[in-house]
Each structure stands twice: as C-alpha cells, then as structure tokens.
Amino acid sequence: MRRNFLPILLGLAGFLSPGAVLGSTSTSAGAVKLAWDLSWEPGIAGYRVHYGPASRTYTEVVDIGFQIRAELEELPVGETYYCAVTAYNEYGLESDYSNEVVFTVAAPDAGLDSDRDGLSDSFEDLYGA
C-alpha cells in the first residue's frame, strides 16, 4: 500500500551532471550518485531506490535505510536507467514514487585520478592497480 509521503529526488551527479548532489565527488566508471529531500513525515524508517531500463519499469530495488543519498555502482557503461525513490515507515507502508530521473552511465574521464596516486582511474580499472 502506498501513501502520500513523497521523497523528492533532487538530482544526479557524476559524469552526467556534476555537482547536482550535495557533497558529491567524482564517480568511477559504472557508478552514479543520487540525493533527495528528507521526508518530514513522522515515522519514516528509510528509503528505497528503484531503477530500471524504462520509465516506471523498475527492475531493481535497493533499500538504503535512513539515508538521503545513494550511489549505484557496477552499472554497465552506456546503459540508460530510470530512477525514483520511495520512503517507508516502521510498519512497512511505502510512499508513492518520487519524481523520476533518467541517466545514461558514462565512462570515466581518462585523466581522472580520484585517489591522487598518480595513476588515472581508467588505468586502475583496467589493470587493477
């Protein structure tokens, strides 16, 4: 049963829209960061991120607990996903879906060195360094 307490998906970060998520950092290949507004409905126990290959056709669900951001990892580069968030309360009742965002997983910038060790992230991904 869905209720009317809606989380609002704020945006998407990474290679598609850098800086759209509070406190975002660069993502690696196949990863996307999401964030949304905290629901002020009493009794919220957590959030679920729903995503899939078509609008409102969510084939994957990730329960992330009481967090307002999530990172989806190990996504195939070049694939397009549609994503929405739901909130749930301590009784298991789940909200309607938030607004939907769509993203295509991009390959990393060849020169990005997120751990600052002198090796590009793409080199580390390729050679496991």
# chains A, B, ... in the order shown; residues from 1 in each chain; ligands from 1

call {"tool": "select_by_dssp", "arguments": {"residues": "range 73-115 of chain A", "states": "strand (DSSP E or B)", "output": "list of chain:residue names"}}
result
A:Thr80, A:Tyr81, A:Tyr82, A:Cys83, A:Ala84, A:Val85, A:Thr86, A:Ala87, A:Tyr88, A:Asn89, A:Glu94, A:Ser95, A:Val101, A:Val102, A:Phe103, A:Thr104

call {"tool": "closest_residue", "arguments": {"among": "A:Leu38, A:Ala84, A:Ala54, A:Val105", "to": "Gln67 in chain A", "atoms": "only C-alpha atoms"}}
result
A:Leu38

call {"tool": "atom_distance", "arguments": {"atom1": "CA of Cys83 in chain A", "atom2": "CA of Pro53 in chain A"}}
result
9.1 Å

call {"tool": "closest_residue", "arguments": {"among": "A:Tyr88, A:Tyr81, A:Tyr97, A:Trp40", "to": "Asp63 in chain A", "atoms": "only C-alpha atoms"}}
result
A:Tyr88

call {"tool": "atom_distance", "arguments": {"atom1": "CA of Glu41 in chain A", "atom2": "CA of Arg69 in chain A"}}
result
17.7 Å

call {"tool": "atom_distance", "arguments": {"atom1": "CA of Ser114 in chain A", "atom2": "CA of Ala31 in chain A"}}
result
13.4 Å

call {"tool": "residues_around", "arguments": {"residues": "Val77 in chain A", "least_positions_apart": "6", "cutoff": "9 Å", "atoms": "only C-alpha atoms", "output": "VMD selection string"}}
result
chain A and resid 29 to 31 104 to 107

call {"tool": "closest_residue", "arguments": {"among": "A:Val85, A:Val102, A:Ala45, A:Ala35", "to": "Gly65 in chain A", "atoms": "only C-alpha atoms"}}
result
A:Ala45
